[in-house]
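Text of target_17.cif, listed as mmCIF, C-alpha atoms and all ligand atoms:
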```cif
data_data
loop_
_atom_site.label_atom_id
_atom_site.label_comp_id
_atom_site.auth_asym_id
_atom_site.auth_seq_id
_atom_site.Cartn_x
_atom_site.Cartn_y
_atom_site.Cartn_z
CA MET A 24 178.04 78.97 116.69
CA ARG A 25 176.11 82.12 115.87
CA GLU A 26 175.30 82.87 112.23
CA LYS A 27 177.77 85.41 110.98
CA ASN A 28 176.61 88.52 109.21
CA ILE A 29 176.98 88.98 105.49
CA LEU A 30 178.44 92.40 104.74
CA TYR A 31 178.38 94.00 101.30
CA MET A 32 180.55 97.02 100.59
CA VAL A 33 178.86 99.28 98.02
CA ILE A 34 181.31 101.50 96.17
CA PRO A 35 180.31 103.94 93.41
CA CYS A 36 183.08 104.48 90.88
CA TYR A 37 183.28 107.16 88.22
CA ASN A 38 186.54 107.17 86.27
CA GLU A 39 188.42 105.64 89.16
CA GLU A 40 191.03 103.56 87.29
CA GLU A 41 193.78 105.26 89.24
CA VAL A 42 192.50 104.28 92.65
CA LEU A 43 190.82 100.93 92.03
CA PRO A 44 193.91 98.69 92.21
CA GLU A 45 194.96 100.09 95.56
CA THR A 46 191.39 100.27 96.87
CA THR A 47 190.75 96.67 95.93
CA LYS A 48 193.98 95.58 97.57
CA ARG A 49 193.24 97.38 100.82
CA LEU A 50 189.63 96.29 100.97
CA ARG A 51 190.46 92.66 100.26
CA VAL A 52 192.99 92.60 103.06
CA LYS A 53 190.53 94.24 105.43
CA LEU A 54 187.60 92.00 104.55
CA HIS A 55 189.70 88.85 104.72
CA GLN A 56 190.86 89.97 108.14
CA MET A 57 187.28 90.44 109.26
CA ILE A 58 186.20 87.11 107.79
CA ASP A 59 189.09 85.28 109.40
CA GLY A 60 188.41 87.03 112.67
CA GLY A 61 184.82 85.81 112.56
CA VAL A 62 183.42 89.33 112.44
CA ILE A 63 181.57 88.82 109.15
CA SER A 64 180.53 85.88 106.98
CA GLU A 65 182.76 84.56 104.21
CA LEU A 66 179.87 85.33 101.88
CA SER A 67 180.61 89.04 102.27
CA ARG A 68 181.45 90.94 99.09
CA ILE A 69 182.81 94.14 97.62
CA VAL A 70 180.38 95.53 95.03
CA TYR A 71 181.68 98.19 92.67
CA VAL A 72 179.06 100.25 90.88
CA ASP A 73 180.54 101.63 87.68
CA ASP A 74 178.71 104.89 87.16
CA GLY A 75 179.24 105.12 83.40
CA SER A 76 183.02 105.58 83.58
CA LYS A 77 184.83 106.51 80.41
CA ASP A 78 188.17 105.07 81.43
CA ASP A 79 189.30 101.54 82.29
CA THR A 80 187.24 101.25 85.48
CA TRP A 81 184.86 98.57 84.23
CA ASN A 82 187.66 96.46 82.72
CA LEU A 83 189.41 96.54 86.06
CA ILE A 84 186.25 95.51 87.88
CA MET A 85 185.73 92.65 85.42
CA SER A 86 189.27 91.41 85.90
CA TYR A 87 188.96 91.55 89.71
CA HIS A 88 185.71 89.65 89.46
CA ALA A 89 187.33 87.05 87.23
CA GLU A 90 189.89 86.42 89.93
CA ASN A 91 186.71 85.67 91.85
CA ASP A 92 187.89 86.91 95.14
CA LEU A 93 185.21 88.94 96.90
CA VAL A 94 184.72 91.45 94.08
CA CYS A 95 181.41 91.87 92.24
CA GLY A 96 180.36 94.63 89.86
CA ILE A 97 177.39 96.51 88.53
CA LYS A 98 177.77 98.61 85.40
CA LEU A 99 175.30 101.40 84.87
CA SER A 100 174.43 102.23 81.28
CA ARG A 101 175.69 105.79 81.67
CA ASN A 102 176.76 108.33 84.25
CA ARG A 103 173.88 108.95 86.64
CA GLY A 104 175.77 110.62 89.48
CA HIS A 105 177.11 109.51 92.82
CA GLN A 106 173.78 109.34 94.66
CA ASN A 107 172.03 107.32 91.95
CA ALA A 108 174.98 104.96 91.71
CA LEU A 109 174.76 104.39 95.46
CA TRP A 110 171.06 103.72 95.17
CA ALA A 111 171.66 101.28 92.31
CA GLY A 112 174.17 99.41 94.45
CA LEU A 113 172.04 99.30 97.57
CA SER A 114 168.90 98.20 95.77
CA THR A 115 170.83 95.42 94.02
CA VAL A 116 172.60 94.02 97.08
CA LYS A 117 169.82 94.29 99.62
CA ASP A 118 168.47 90.79 99.00
CA HIS A 119 171.88 89.18 99.37
CA CYS A 120 173.29 90.72 102.50
CA ASP A 121 172.41 91.43 106.12
CA MET A 122 174.04 94.84 106.03
CA ALA A 123 175.66 97.09 103.46
CA ILE A 124 178.29 99.76 103.97
CA SER A 125 178.63 102.49 101.37
CA ILE A 126 182.01 104.12 100.91
CA ASP A 127 183.75 106.20 98.24
CA ALA A 128 186.16 104.49 95.88
CA ASP A 129 189.08 106.65 96.97
CA LEU A 130 188.97 105.29 100.55
CA GLN A 131 189.24 108.79 102.01
CA ASP A 132 187.04 107.37 104.72
CA ASP A 133 189.03 105.18 107.08
CA ILE A 134 188.28 101.48 106.59
CA GLY A 135 189.99 100.82 109.92
CA VAL A 136 186.65 101.43 111.63
CA LEU A 137 184.69 98.81 109.65
CA ASP A 138 184.75 96.47 112.65
CA GLN A 139 183.15 99.20 114.75
CA PHE A 140 180.37 99.56 112.19
CA VAL A 141 179.64 95.84 112.47
CA LEU A 142 179.73 95.98 116.27
CA GLU A 143 177.16 98.77 116.24
CA TYR A 144 175.02 96.73 113.85
CA GLU A 145 175.22 93.73 116.16
CA ALA A 146 174.21 95.96 119.04
CA GLY A 147 170.91 96.42 117.22
CA HIS A 148 171.42 99.55 115.15
CA ASP A 149 169.95 99.57 111.66
CA VAL A 150 171.84 102.63 110.51
CA VAL A 151 175.38 103.51 111.55
CA TYR A 152 176.67 106.90 110.40
CA GLY A 153 180.35 107.43 109.78
CA VAL A 154 181.17 110.88 111.14
CA ARG A 155 184.38 112.84 110.60
CA SER A 156 185.87 113.59 113.99
CA ALA A 157 188.23 116.21 112.58
CA ARG A 158 188.88 117.78 109.24
CA LYS A 159 192.57 118.35 109.70
CA LYS A 160 193.40 117.15 106.21
CA ASP A 161 190.80 119.27 104.43
CA THR A 162 191.70 122.72 103.18
CA VAL A 163 190.45 125.62 105.32
CA PHE A 164 188.06 126.58 102.50
CA LYS A 165 186.59 123.07 102.27
CA ARG A 166 186.23 122.79 106.04
CA LEU A 167 184.53 126.16 106.49
CA THR A 168 182.14 125.72 103.56
CA ALA A 169 181.28 122.12 104.47
CA GLU A 170 180.64 122.84 108.14
CA GLY A 171 178.74 126.02 107.29
CA TYR A 172 176.61 124.00 104.92
CA TYR A 173 175.68 121.41 107.54
CA LYS A 174 174.66 124.23 109.88
CA LEU A 175 172.64 125.93 107.14
CA LEU A 176 170.81 122.68 106.41
CA SER A 177 169.81 122.21 110.02
CA HIS A 178 168.58 125.84 110.17
CA MET A 179 166.44 124.95 107.16
CA GLY A 180 164.81 122.23 109.24
CA VAL A 181 166.59 119.38 107.48
CA GLU A 182 167.49 116.59 109.86
CA ILE A 183 171.06 115.81 109.01
CA VAL A 184 173.95 114.13 110.83
CA TYR A 185 176.67 116.73 111.29
CA ASN A 186 179.84 115.96 109.31
CA HIS A 187 178.47 112.71 107.94
CA ALA A 188 178.68 112.11 104.19
CA ASP A 189 177.93 108.78 102.55
CA TYR A 190 180.05 106.46 104.65
CA ARG A 191 177.36 104.51 106.45
CA LEU A 192 176.12 101.08 107.32
CA MET A 193 172.53 100.14 106.66
CA SER A 194 170.78 96.95 107.66
CA ARG A 195 168.76 95.11 105.08
CA ARG A 196 165.48 96.39 106.49
CA ALA A 197 166.79 99.95 106.55
CA ILE A 198 167.65 99.66 102.85
CA GLU A 199 164.22 98.23 102.16
CA ALA A 200 162.67 101.20 103.94
CA LEU A 201 164.90 103.58 101.97
CA MET A 202 163.66 102.05 98.71
CA GLU A 203 160.19 103.34 99.56
CA TYR A 204 161.40 106.91 99.05
CA LYS A 205 160.53 107.39 95.44
CA GLU A 206 162.01 110.81 94.82
CA VAL A 207 164.19 111.40 91.81
CA ASN A 208 166.23 114.19 93.38
CA LEU A 209 168.29 112.06 95.68
CA PHE A 210 170.12 113.48 98.66
CA LEU A 211 170.71 110.30 100.62
CA ARG A 212 172.27 111.83 103.71
CA GLY A 213 169.08 113.84 104.16
CA ILE A 214 166.70 110.95 103.48
CA VAL A 215 168.33 108.21 105.58
CA PRO A 216 167.66 109.97 108.92
CA MET A 217 163.96 110.09 107.94
CA ILE A 218 163.76 106.30 108.00
CA GLY A 219 163.93 106.31 111.76
CA PHE A 220 165.25 102.91 112.84
CA PRO A 221 167.72 102.74 115.77
CA SER A 222 170.92 104.41 114.67
CA SER A 223 174.37 105.10 115.96
CA THR A 224 177.59 106.82 114.91
CA VAL A 225 181.20 105.82 114.40
CA TYR A 226 183.91 108.50 114.37
CA TYR A 227 186.88 108.46 112.05
CA GLU A 228 189.47 110.76 110.56
CA ARG A 229 189.10 111.53 106.86
CA ASP A 230 192.19 111.14 104.74
CA LYS A 231 193.31 112.76 101.50
CA ARG A 232 192.53 111.13 98.15
CA PHE A 233 195.57 108.89 97.53
CA ALA A 234 195.33 108.99 93.72
CA GLY A 235 193.23 110.47 90.95
CA LYS A 236 191.28 113.71 91.02
CA SER A 237 188.12 114.58 92.91
CA LYS A 238 185.01 113.76 90.86
CA TYR A 239 183.27 116.66 92.58
CA PRO A 240 184.62 119.88 91.12
CA LEU A 241 183.37 123.07 92.75
CA LYS A 242 180.55 123.46 90.24
CA LYS A 243 179.18 119.95 90.87
CA MET A 244 179.58 120.43 94.61
CA LEU A 245 177.60 123.68 94.58
CA ALA A 246 174.87 122.04 92.50
CA PHE A 247 174.77 119.14 94.95
CA ALA A 248 174.61 121.50 97.92
CA PHE A 249 171.79 123.50 96.35
CA ASP A 250 169.94 120.29 95.49
CA GLY A 251 170.25 119.16 99.08
CA ILE A 252 168.40 122.24 100.27
CA THR A 253 165.69 122.37 97.64
CA SER A 254 165.04 118.61 97.80
CA LEU A 255 164.45 118.64 101.49
CA SER A 256 163.28 122.04 102.64
CA ILE A 257 160.68 124.57 101.61
CA LYS A 258 162.12 127.24 103.89
CA PRO A 259 163.63 129.20 100.95
CA ILE A 260 160.10 129.78 99.63
CA ARG A 261 158.92 130.90 103.07
CA PHE A 262 161.90 133.21 103.26
CA ILE A 263 160.93 134.82 99.96
CA THR A 264 157.37 135.25 101.14
CA THR A 265 158.54 136.91 104.35
CA LEU A 266 160.87 139.15 102.40
CA GLY A 267 158.09 140.14 100.04
CA PHE A 268 155.85 141.00 102.99
CA LEU A 269 158.52 143.08 104.71
CA LEU A 270 159.19 144.94 101.47
CA PHE A 271 155.54 145.70 101.12
CA VAL A 272 155.41 147.13 104.65
CA VAL A 273 158.48 149.27 103.95
CA SER A 274 157.00 150.58 100.69
CA MET A 275 153.80 151.52 102.58
CA ILE A 276 155.83 153.53 105.07
CA PHE A 277 157.61 155.31 102.21
CA MET A 278 154.29 156.04 100.55
CA VAL A 279 152.93 157.71 103.68
CA TYR A 280 156.15 159.68 104.00
CA PHE A 281 156.02 160.91 100.40
CA LEU A 282 152.31 161.73 100.61
CA ILE A 283 152.87 163.87 103.69
CA GLY A 284 155.78 165.49 101.88
CA ALA A 285 153.52 166.30 98.93
CA PHE A 286 150.79 167.80 101.17
CA VAL A 287 153.14 170.13 103.02
CA GLY A 288 154.46 171.26 99.65
CA HIS A 289 157.87 169.74 100.10
CA THR A 290 158.16 168.12 96.68
CA VAL A 291 160.60 165.29 96.24
CA PRO A 292 162.45 164.79 92.97
CA GLY A 293 160.94 161.39 92.33
CA TRP A 294 163.21 160.05 89.67
CA SER A 295 165.81 158.32 91.87
CA THR A 296 163.19 156.75 94.11
CA LEU A 297 161.38 155.44 91.09
CA VAL A 298 164.38 153.97 89.37
CA ILE A 299 165.73 152.41 92.53
CA SER A 300 162.42 150.77 93.35
CA ILE A 301 162.03 149.43 89.84
CA TRP A 302 165.41 147.81 90.02
CA ALA A 303 165.06 146.52 93.57
CA LEU A 304 161.63 145.05 93.00
CA GLY A 305 162.55 143.65 89.60
CA GLY A 306 165.58 141.93 91.07
CA LEU A 307 163.67 140.52 93.98
CA GLN A 308 160.88 139.27 91.77
CA LEU A 309 163.34 137.51 89.53
CA LEU A 310 164.99 135.90 92.54
CA ALA A 311 161.64 134.75 93.85
CA ILE A 312 160.60 133.36 90.48
CA GLY A 313 163.94 131.60 90.20
CA ILE A 314 163.58 129.84 93.50
CA ILE A 315 159.97 128.88 92.87
CA GLY A 316 161.04 127.65 89.45
CA GLU A 317 163.58 125.41 91.11
CA TYR A 318 160.80 123.62 92.94
CA ILE A 319 158.60 123.45 89.88
CA GLY A 320 161.51 121.86 88.05
CA LYS A 321 161.68 119.22 90.74
CA ILE A 322 157.93 118.58 90.64
CA TYR A 323 158.23 118.24 86.88
CA LEU A 324 160.90 115.58 87.18
CA GLU A 325 159.08 113.71 89.93
CA THR A 326 155.90 113.51 87.87
CA LYS A 327 157.78 111.84 85.06
CA GLY A 328 158.63 108.94 87.38
CA ARG A 329 161.71 108.12 85.39
CA PRO A 330 163.66 105.04 86.42
CA ARG A 331 166.58 105.93 88.55
CA PHE A 332 169.07 103.80 86.69
CA CYS A 333 169.33 101.05 84.18
CA VAL A 334 171.74 98.17 84.68
CA ASP A 335 173.78 97.33 81.64
CA VAL A 336 175.78 94.34 82.85
CA LEU A 337 175.46 92.48 86.12
CA LEU A 338 178.44 90.52 87.36
CA LEU A 339 177.38 88.47 90.32
CA ASP A 340 178.25 85.35 92.22
CA ASP A 341 176.31 82.14 91.60
CA LYS A 342 174.94 82.69 95.06
CA MET A 343 173.55 86.05 94.03
CA ASN A 344 172.09 84.75 90.79
CA GLY A 345 170.42 81.83 92.46
N1 LIG A 401 181.15 109.33 91.84
C1 LIG A 401 180.20 108.66 91.07
N2 LIG A 401 179.58 109.33 90.05
C2 LIG A 401 179.83 110.66 89.77
C3 LIG A 401 180.77 111.34 90.59
C4 LIG A 401 181.40 110.65 91.61
O1 LIG A 401 179.93 107.49 91.28
O2 LIG A 401 179.22 111.19 88.84
C5 LIG A 401 181.83 108.60 92.94
C6 LIG A 401 183.34 108.62 92.89
O3 LIG A 401 183.84 107.62 92.06
C7 LIG A 401 183.69 108.39 94.34
C8 LIG A 401 182.56 109.07 95.08
O4 LIG A 401 181.50 109.25 94.14
O5 LIG A 401 183.67 107.02 94.69
C9 LIG A 401 182.97 110.41 95.68
O6 LIG A 401 183.67 111.18 94.75
P1 LIG A 401 184.99 111.97 95.12
O7 LIG A 401 185.83 111.14 96.02
O8 LIG A 401 185.64 112.42 93.86
O9 LIG A 401 184.39 113.21 95.90
P2 LIG A 401 185.12 114.09 97.05
O10 LIG A 401 185.69 113.12 98.03
O11 LIG A 401 186.15 114.90 96.36
O12 LIG A 401 184.01 114.91 97.64
MG MG A 402 186.76 111.51 97.69
#
```
I'd like the structure from this file rewritten - as structure tokens, please.
Ligand code: UDP
Ligand code: MG
Amino acid sequence: MREKNILYMVIPCYNEEEVLPETTKRLRVKLHQMIDGGVISELSRIVYVDDGSKDDTWNLIMSYHAENDLVCGIKLSRNRGHQNALWAGLSTVKDHCDMAISIDADLQDDIGVLDQFVLEYEAGHDVVYGVRSARKKDTVFKRLTAEGYYKLLSHMGVEIVYNHADYRLMSRRAIEALMEYKEVNLFLRGIVPMIGFPSSTVYYERDKRFAGKSKYPLKKMLAFAFDGITSLSIKPIRFITTLGFLLFVVSMIFMVYFLIGAFVGHTVPGWSTLVISIWALGGLQLLAIGIIGEYIGKIYLETKGRPRFCVDVLLLDDKMNG
């Protein structure tokens, strides 16, 4: 019989005590089904990455691990954010599995399609992207902003899979390739397509969060969206340069116009023009400096080469330790 594939589910958790019991129940049932059906190896595991939660999340993970049924855990020393938690999980599991699937703790992404992910992997794809087929359950605001954002990113020259978030399968060698990307400002859904192994997509319908609150309030989401652009594209800088050039051309035209006006004796009361240009140029300059500063901030962080995370406790199987 053919060797079965070891699948690790990597699940970042930040204050997820409300969803973990249900999530663990559902995932256990699903994984046992897949193991019994011979889809994946019985060595497959669920790995929770506790991203510095302040609630009971880690205690729950420890108790699930103690029951020693599929569940493993990694506890980060403090909150490092969703993307870093994912990275921590992937880099830890990559030596123990053939493939890893990342998914959010709230199971908004349908685990019914896990078998399809594995099928695509077996068909020779190193990366399988989970893509939302519809956003019926999202609010109109969320749908419009999210879809607009994906379009904006591709206009910025960022290669991104439309309507794909962080529900994806990666083969071991794809994860190894990902680990070579040393940047501190992580925007995984923009980096993974850069790896370039054979890839494929699986479509699913995204559900509502069944318990607990979103860990991405609007402010965090906007910061994440802005990070995505400035981590991956330098088009905003080019845009500013173009704008500056156009403004210069326009001011030249005005200058000629005013000079002619002065020569023919048609004097212009200059005050309004002056004040308006001071404000317009001042504003634009500030904007330009702000955007350039954003990149300098990133360069600053990259040069520090800070570690991405620091593992506090590692709860693993004997198999993983050995
Ligand atoms: N998350 C995390 N660290 C954070 C914020 C979020 O690990 O600092 C995890 C969270 O536990 C969840 C996933 O990231 O598993 C996505 O968060 P959420 O479901 O709240 O985001 P939404 O679906 O509302 O975009
Ligand atoms: Mg969610």
Test item: which residues lie within 9 Å of (175.4, 103.9, 88.9) counting only C-alpha atoms, as a list in words
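Final list of nearby residues, as requested, is Pro35, Cys36, Tyr37, Val72, Asp73, Asp74, Gly75, Ile97, Lys98, Leu99, Ser100, Arg101, Asn102, Arg103, Gly104, His105, Gln106, Asn107, Ala108, Leu109, Trp110, Ala111, Gly112, Phe332, Cys333 and Val334 of chain A.
Closest approach to A:Ile34 among A:Tyr71, A:Tyr323, A:Phe247, A:Phe281: A:Tyr71, based on all atoms listed in the file.
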Restricting the calculation to all atoms listed in the file: of A:Leu83, A:Val33, A:Ser237, A:Glu40, which residue gets closest to A:Arg68?
A:Val33
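If one restricts the calculation to all atoms listed in the file, the set of residues situated within 7 Å of ligand MG 402 (chain A) consists of Asp127, Asp129, Gln131, Arg232 and Ser237 of chain A.
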Report the centre and edge lengths, in Å to one decimal, of an axis-aligned box enclosing every atom of ligand LIG 401 (chain A) listed in the file, padded by 8 Å on each side, as lines of an AutoDock Vina configuration file.
```
center_x = 182.7
center_y = 111.0
center_z = 93.4
size_x = 22.9
size_y = 23.9
size_z = 25.2
```
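With all atoms listed in the file as the atoms that count, the residue of A:Val298, A:Val181, A:Ala157, A:Leu176 with the shortest distance to A:Asp132 is A:Ala157.
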Shell around A:Leu201 at 7 Å using only C-alpha atoms, local window under 3 positions removed, as a ChimeraX atom specification
/A:197-198,204,215,218
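For the pair atom CA of A:Ser156 and atom CA of A:Thr224, the interatomic distance is 10.7 Å.
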Within 12 Å of stretch 164-166 of chain A, counting only C-alpha atoms, which residues show up once you throw out same-chain ones fewer than 5 positions away? Write them as a compact mmCIF listing (two decimals) with C-alpha atoms, in the frame of the given file, please.
```
# COMPACT_ATOMS: atom_id res chain seq x y z
CA ARG A 155 184.38 112.84 110.60
CA ALA A 157 188.23 116.21 112.58
CA ARG A 158 188.88 117.78 109.24
CA LYS A 159 192.57 118.35 109.70
CA GLY A 171 178.74 126.02 107.29
CA TYR A 172 176.61 124.00 104.92
CA TYR A 173 175.68 121.41 107.54
CA ASN A 186 179.84 115.96 109.31
CA ARG A 229 189.10 111.53 106.86
CA PRO A 240 184.62 119.88 91.12
CA LEU A 241 183.37 123.07 92.75
CA MET A 244 179.58 120.43 94.61
CA LEU A 245 177.60 123.68 94.58
```
To one decimal place, how far is atom CA of A:Lys238 from atom CA of A:Asp133 in Å?
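That distance, rounded to one decimal, is 18.8 Å.
Proximity to ligand LIG 401 (chain A) was assessed for A:Arg49, A:Arg195, A:Arg261, A:His187 counting all atoms listed in the file; the smallest distance is recorded for A:His187.
Of the listed residues A:Ala169, A:Leu309, A:Ile301, A:Leu54, the one whose atoms come nearest to ligand LIG 401 (chain A) is A:Ala169, with distances taken using only C-alpha atoms and all ligand atoms.
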